[in-house]
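Visitor: I am sharing entry-v2.pdb, which consists of PDB, C-alpha atoms:
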```pdb
ATOM      1  CA  MET A  49     -92.045 148.246  99.488
ATOM      2  CA  LEU A  50     -92.175 151.423  97.459
ATOM      3  CA  GLU A  51     -93.915 151.255  94.095
ATOM      4  CA  ILE A  52     -93.512 152.913  90.701
ATOM      5  CA  GLY A  53     -94.864 156.457  90.990
ATOM      6  CA  ASP A  54     -93.889 156.874  94.655
ATOM      7  CA  LYS A  55     -91.529 159.646  95.706
ATOM      8  CA  ALA A  56     -88.218 158.086  96.781
ATOM      9  CA  PRO A  57     -87.212 158.916 100.345
ATOM     10  CA  ASP A  58     -84.175 161.183 100.411
ATOM     11  CA  PHE A  59     -80.987 160.406 102.303
ATOM     12  CA  ASP A  60     -77.528 161.886 102.659
ATOM     13  CA  LEU A  61     -74.661 160.645 100.526
ATOM     14  CA  PRO A  62     -71.162 160.341 102.004
ATOM     15  CA  GLU A  63     -68.559 163.042 101.635
ATOM     16  CA  GLY A  64     -66.825 162.765  98.277
ATOM     17  CA  SER A  65     -69.990 161.691  96.449
ATOM     18  CA  PRO A  66     -71.014 163.704  93.380
ATOM     19  CA  ALA A  67     -73.943 165.201  95.378
ATOM     20  CA  ALA A  68     -74.921 165.724  99.019
ATOM     21  CA  THR A  69     -78.213 163.783  98.879
ATOM     22  CA  LEU A  70     -79.912 161.210  96.679
ATOM     23  CA  HIS A  71     -82.487 163.770  95.490
ATOM     24  CA  GLU A  72     -79.726 166.220  94.549
ATOM     25  CA  LEU A  73     -77.924 163.469  92.624
ATOM     26  CA  ALA A  74     -81.099 162.581  90.695
ATOM     27  CA  LYS A  75     -81.792 166.235  89.913
ATOM     28  CA  ARG A  76     -78.215 166.961  88.764
ATOM     29  CA  ALA A  77     -77.966 163.820  86.618
ATOM     30  CA  GLY A  78     -81.586 163.830  85.432
ATOM     31  CA  ARG A  79     -82.135 160.380  86.922
ATOM     32  CA  ALA A  80     -80.507 157.915  89.322
ATOM     33  CA  VAL A  81     -80.462 154.286  90.402
ATOM     34  CA  VAL A  82     -80.512 153.201  94.033
ATOM     35  CA  TYR A  83     -80.084 149.521  94.755
ATOM     36  CA  PHE A  84     -80.280 147.522  97.957
ATOM     37  CA  TYR A  85     -78.230 144.421  98.614
ATOM     38  CA  PRO A  86     -77.702 142.113 101.611
ATOM     39  CA  ALA A  87     -73.921 142.196 102.206
ATOM     40  CA  ASP A  88     -70.509 143.147 100.886
ATOM     41  CA  ASN A  89     -68.209 140.392  99.611
ATOM     42  CA  THR A  90     -70.816 137.660  99.248
ATOM     43  CA  PRO A  91     -70.940 135.853  95.885
ATOM     44  CA  ALA A  92     -74.286 137.201  94.619
ATOM     45  CA  CYS A  93     -73.754 140.731  95.968
ATOM     46  CA  THR A  94     -70.262 140.886  94.489
ATOM     47  CA  ALA A  95     -71.594 139.718  91.114
ATOM     48  CA  GLU A  96     -74.329 142.358  91.290
ATOM     49  CA  ALA A  97     -71.925 145.176  92.233
ATOM     50  CA  CYS A  98     -69.542 144.189  89.443
ATOM     51  CA  MET A  99     -72.461 144.063  87.000
ATOM     52  CA  PHE A 100     -73.396 147.626  87.999
ATOM     53  CA  ARG A 101     -69.725 148.649  87.723
ATOM     54  CA  ASP A 102     -69.360 147.193  84.230
ATOM     55  CA  ALA A 103     -72.657 148.642  83.020
ATOM     56  CA  SER A 104     -71.786 152.079  84.424
ATOM     57  CA  VAL A 105     -68.593 152.186  82.347
ATOM     58  CA  GLU A 106     -70.800 152.304  79.239
ATOM     59  CA  LEU A 107     -72.480 155.399  80.682
ATOM     60  CA  GLU A 108     -69.308 157.475  81.160
ATOM     61  CA  PRO A 109     -69.927 159.713  78.097
ATOM     62  CA  ALA A 110     -73.385 160.648  79.400
ATOM     63  CA  PHE A 111     -72.268 161.095  83.031
ATOM     64  CA  PRO A 112     -68.745 162.565  83.212
ATOM     65  CA  ASP A 113     -68.997 162.875  87.035
ATOM     66  CA  GLY A 114     -69.790 159.158  87.272
ATOM     67  CA  ALA A 115     -72.967 157.171  86.751
ATOM     68  CA  PRO A 116     -75.645 158.165  89.298
ATOM     69  CA  ILE A 117     -75.746 154.781  91.043
ATOM     70  CA  VAL A 118     -76.016 154.317  94.807
ATOM     71  CA  GLY A 119     -75.754 150.961  96.570
ATOM     72  CA  VAL A 120     -77.220 150.518 100.065
ATOM     73  CA  SER A 121     -76.537 147.752 102.568
ATOM     74  CA  PRO A 122     -76.161 147.506 106.343
ATOM     75  CA  GLN A 123     -72.387 146.985 106.447
ATOM     76  CA  SER A 124     -70.025 149.609 107.880
ATOM     77  CA  GLU A 125     -68.279 152.360 105.937
ATOM     78  CA  SER A 126     -64.970 150.523 106.328
ATOM     79  CA  SER A 127     -66.491 147.351 104.865
ATOM     80  CA  HIS A 128     -67.869 149.356 101.933
ATOM     81  CA  LYS A 129     -64.509 151.034 101.390
ATOM     82  CA  ARG A 130     -62.680 147.683 101.221
ATOM     83  CA  PHE A 131     -65.408 146.227  98.967
ATOM     84  CA  ALA A 132     -65.302 149.220  96.598
ATOM     85  CA  GLU A 133     -61.505 149.209  96.430
ATOM     86  CA  ARG A 134     -61.227 145.455  95.913
ATOM     87  CA  TYR A 135     -63.688 145.446  93.002
ATOM     88  CA  ARG A 136     -62.961 148.969  91.677
ATOM     89  CA  LEU A 137     -66.552 150.106  92.128
ATOM     90  CA  GLY A 138     -66.920 153.621  90.794
ATOM     91  CA  PHE A 139     -70.197 154.488  92.494
ATOM     92  CA  THR A 140     -71.386 155.429  95.968
ATOM     93  CA  LEU A 141     -72.079 152.842  98.662
ATOM     94  CA  ILE A 142     -74.176 153.788 101.705
ATOM     95  CA  ALA A 143     -73.527 152.226 105.112
ATOM     96  CA  ASP A 144     -77.078 151.920 106.446
ATOM     97  CA  THR A 145     -76.038 150.269 109.705
ATOM     98  CA  ASP A 146     -79.326 151.062 111.472
ATOM     99  CA  LYS A 147     -81.338 150.032 108.374
ATOM    100  CA  ALA A 148     -83.304 153.308 108.389
ATOM    101  CA  VAL A 149     -83.001 153.745 104.601
ATOM    102  CA  ILE A 150     -83.658 150.053 104.016
ATOM    103  CA  ARG A 151     -86.885 150.313 106.058
ATOM    104  CA  ALA A 152     -87.913 153.600 104.356
ATOM    105  CA  TYR A 153     -87.815 151.827 100.983
ATOM    106  CA  GLY A 154     -89.462 148.672 102.345
ATOM    107  CA  CYS A 155     -86.459 146.490 101.534
ATOM    108  CA  GLN A 156     -86.161 144.695 104.845
ATOM    109  CA  GLY A 157     -86.400 140.955 104.596
ATOM    110  CA  LEU A 158     -88.027 138.289 106.718
ATOM    111  CA  PHE A 159     -88.460 139.483 110.323
ATOM    112  CA  GLY A 160     -86.378 142.560 109.450
ATOM    113  CA  LEU A 161     -83.199 140.503 109.601
ATOM    114  CA  LEU A 162     -82.193 140.421 105.973
ATOM    115  CA  VAL A 163     -82.188 142.904 103.113
ATOM    116  CA  ARG A 164     -84.175 142.344  99.914
ATOM    117  CA  ARG A 165     -82.302 142.723  96.637
ATOM    118  CA  ALA A 166     -84.199 145.594  95.023
ATOM    119  CA  THR A 167     -83.345 148.329  92.524
ATOM    120  CA  PHE A 168     -85.196 151.598  91.991
ATOM    121  CA  VAL A 169     -84.824 153.955  89.023
ATOM    122  CA  LEU A 170     -85.590 157.597  89.838
ATOM    123  CA  ASP A 171     -86.315 160.518  87.562
ATOM    124  CA  ALA A 172     -84.988 164.056  88.128
ATOM    125  CA  GLU A 173     -87.790 164.705  90.637
ATOM    126  CA  ALA A 174     -86.862 161.535  92.601
ATOM    127  CA  THR A 175     -90.057 159.767  91.550
ATOM    128  CA  ILE A 176     -89.661 156.021  91.085
ATOM    129  CA  THR A 177     -90.020 155.182  87.386
ATOM    130  CA  ASP A 178     -88.976 151.524  87.554
ATOM    131  CA  ARG A 179     -88.509 148.919  90.264
ATOM    132  CA  ILE A 180     -86.824 145.541  90.050
ATOM    133  CA  VAL A 181     -87.149 143.049  92.906
ATOM    134  CA  ALA A 182     -85.248 139.838  92.286
ATOM    135  CA  ASP A 183     -83.568 138.384  95.341
ATOM    136  CA  LEU A 184     -81.896 135.528  93.497
ATOM    137  CA  ASN A 185     -81.511 136.846  89.933
ATOM    138  CA  VAL A 186     -78.966 139.671  89.959
ATOM    139  CA  GLY A 187     -78.933 139.887  86.161
ATOM    140  CA  ARG A 188     -82.465 141.309  86.104
ATOM    141  CA  HIS A 189     -81.146 144.398  87.922
ATOM    142  CA  LYS A 190     -78.998 145.355  84.925
ATOM    143  CA  ARG A 191     -82.144 146.729  83.289
ATOM    144  CA  ALA A 192     -82.026 149.629  85.773
ATOM    145  CA  VAL A 193     -78.584 150.771  84.689
ATOM    146  CA  LYS A 194     -79.436 150.325  81.034
ATOM    147  CA  SER A 195     -82.386 152.682  81.551
ATOM    148  CA  LEU A 196     -79.931 155.452  82.432
ATOM    149  CA  SER A 197     -78.578 155.372  78.876
ATOM    150  CA  ARG A 198     -81.983 156.262  77.395
ATOM    151  CA  PRO A 199     -82.732 159.953  76.873
ATOM    152  CA  HIS A 200     -84.847 161.486  79.636
TER     153      HIS A 200
END
```
What does the file become when written as structure tokens?
Guide:
Amino acid sequence: MLEIGDKAPDFDLPEGSPAATLHELAKRAGRAVVYFYPADNTPACTAEACMFRDASVELEPAFPDGAPIVGVSPQSESSHKRFAERYRLGFTLIADTDKAVIRAYGCQGLFGLLVRRATFVLDAEATITDRIVADLNVGRHKRAVKSLSRPH
């Protein structure tokens, strides 16, 4: 798994996102959060996504184009679309169906079957400045979004 100080691997963001790639998003916003989660519409993942949604609302004055948060899981784009609409998620979700991004960040679980719940905070240069790994405690991940509200 990537560590603090590592350069975050870049990946494309879907059409309609505030930037074309993760690195571009981090550069434009001055920082970004990318989080990995196992599956849409499961109790813990829904609680985590809603926690990120609620925390990002507090950031609206600092980020008028939307908080620079990206969620990554292996579900399809259509699953992500339904999930985002159902819970009014105002941030980008990546459908990493082949788990290439998940592997690049080292977030694959046991035998590569599952996805670790991990959150990375990036600076404007896409260097990891904080990392939270807490598979069962979604509340610990809120620290990542809170870090976006601090001056950079």
Visitor: Which centre and which edge lengths, in Å to one decimal, describe the axis-aligned box that holds all listed atoms of range 161-167 of chain A after 4 Å is added on each side, as AutoDock Vina command-line options?
Guide:
```
--center_x -83.2 --center_y 144.4 --center_z 101.1 --size_x 10.0 --size_y 15.9 --size_z 25.1
```
Visitor: Can you list, as a list of chain:residue names, the residues that the PyMOL selection byres ((chain A and resi 87-99) around 7) selects here?
Guide: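 Selected by the PyMOL selection byres ((chain A and resi 87-99) around 7) in this file: A:Tyr85, A:Pro86, A:Phe100, A:Arg101, A:Asp102, A:Ala103, A:Ser121, A:Gln123, A:His128, A:Phe131, A:Tyr135, A:Val186, A:Lys190.
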Visitor: Determine, counting all atoms listed in the file, which protein, DNA and RNA residues have an atom within 9 Å of an atom of Asp58 in chain A; residues of the same chain fewer than 6 positions away are not included. Present the result as number ranges by chain.
Guide: A: 69-72, 149, 174
Visitor: Interatomic distance between CA of Asp183 in chain A and CA of Val163 in chain A?
Guide: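 CA of Val163 in chain A lies 9.1 Å from CA of Asp183 in chain A.
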Visitor: What is the CA of Pro62 in chain A-CA of Glu125 in chain A distance in Å, reported with one decimal?
Guide: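 Rounded to one decimal, the two atoms are 9.4 Å apart.
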Visitor: What lies within 8 Å of Ala56 in chain A using all atoms listed in the file, ignoring chain neighbours under 2 positions off, as number ranges by chain?
Guide: A: 50, 54, 58, 153, 170, 174-176
Visitor: N, CA and C atoms for range 112-129 of chain A, written as a CSV table (one decimal), in the frame of the given file, could you do that?
Guide:
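Saved the output as part-v3.csv:
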```
chain,number,residue,atom,x,y,z
A,112,PRO,N,-70.2,162.4,83.0
A,112,PRO,CA,-68.7,162.6,83.2
A,112,PRO,C,-68.3,162.6,84.7
A,113,ASP,N,-69.3,162.9,85.6
A,113,ASP,CA,-69.0,162.9,87.0
A,113,ASP,C,-69.2,161.5,87.6
A,114,GLY,N,-69.5,160.5,86.8
A,114,GLY,CA,-69.8,159.2,87.3
A,114,GLY,C,-71.3,158.8,87.2
A,115,ALA,N,-71.6,157.6,86.9
A,115,ALA,CA,-73.0,157.2,86.8
A,115,ALA,C,-73.7,157.4,88.1
A,116,PRO,N,-74.9,157.9,88.1
A,116,PRO,CA,-75.6,158.2,89.3
A,116,PRO,C,-76.2,156.9,89.9
A,117,ILE,N,-75.4,156.1,90.4
A,117,ILE,CA,-75.7,154.8,91.0
A,117,ILE,C,-75.4,154.8,92.5
A,118,VAL,N,-76.3,154.4,93.4
A,118,VAL,CA,-76.0,154.3,94.8
A,118,VAL,C,-76.4,152.9,95.3
A,119,GLY,N,-75.5,152.3,96.0
A,119,GLY,CA,-75.8,151.0,96.6
A,119,GLY,C,-75.9,151.1,98.1
A,120,VAL,N,-76.9,150.4,98.6
A,120,VAL,CA,-77.2,150.5,100.1
A,120,VAL,C,-77.2,149.1,100.7
A,121,SER,N,-76.5,149.0,101.8
A,121,SER,CA,-76.5,147.8,102.6
A,121,SER,C,-76.2,148.1,104.0
A,122,PRO,N,-76.4,147.2,104.9
A,122,PRO,CA,-76.2,147.5,106.3
A,122,PRO,C,-74.7,147.4,106.8
A,123,GLN,N,-73.8,147.1,106.0
A,123,GLN,CA,-72.4,147.0,106.4
A,123,GLN,C,-71.8,148.4,106.8
A,124,SER,N,-70.7,148.4,107.4
A,124,SER,CA,-70.0,149.6,107.9
A,124,SER,C,-69.3,150.3,106.7
A,125,GLU,N,-69.0,151.6,106.9
A,125,GLU,CA,-68.3,152.4,105.9
A,125,GLU,C,-66.9,151.7,105.6
A,126,SER,N,-66.3,151.2,106.6
A,126,SER,CA,-65.0,150.5,106.3
A,126,SER,C,-65.1,149.3,105.5
A,127,SER,N,-66.2,148.5,105.7
A,127,SER,CA,-66.5,147.4,104.9
A,127,SER,C,-66.8,147.8,103.4
A,128,HIS,N,-67.6,148.8,103.3
A,128,HIS,CA,-67.9,149.4,101.9
A,128,HIS,C,-66.6,149.9,101.2
A,129,LYS,N,-65.7,150.5,102.0
A,129,LYS,CA,-64.5,151.0,101.4
A,129,LYS,C,-63.6,149.9,100.9
```
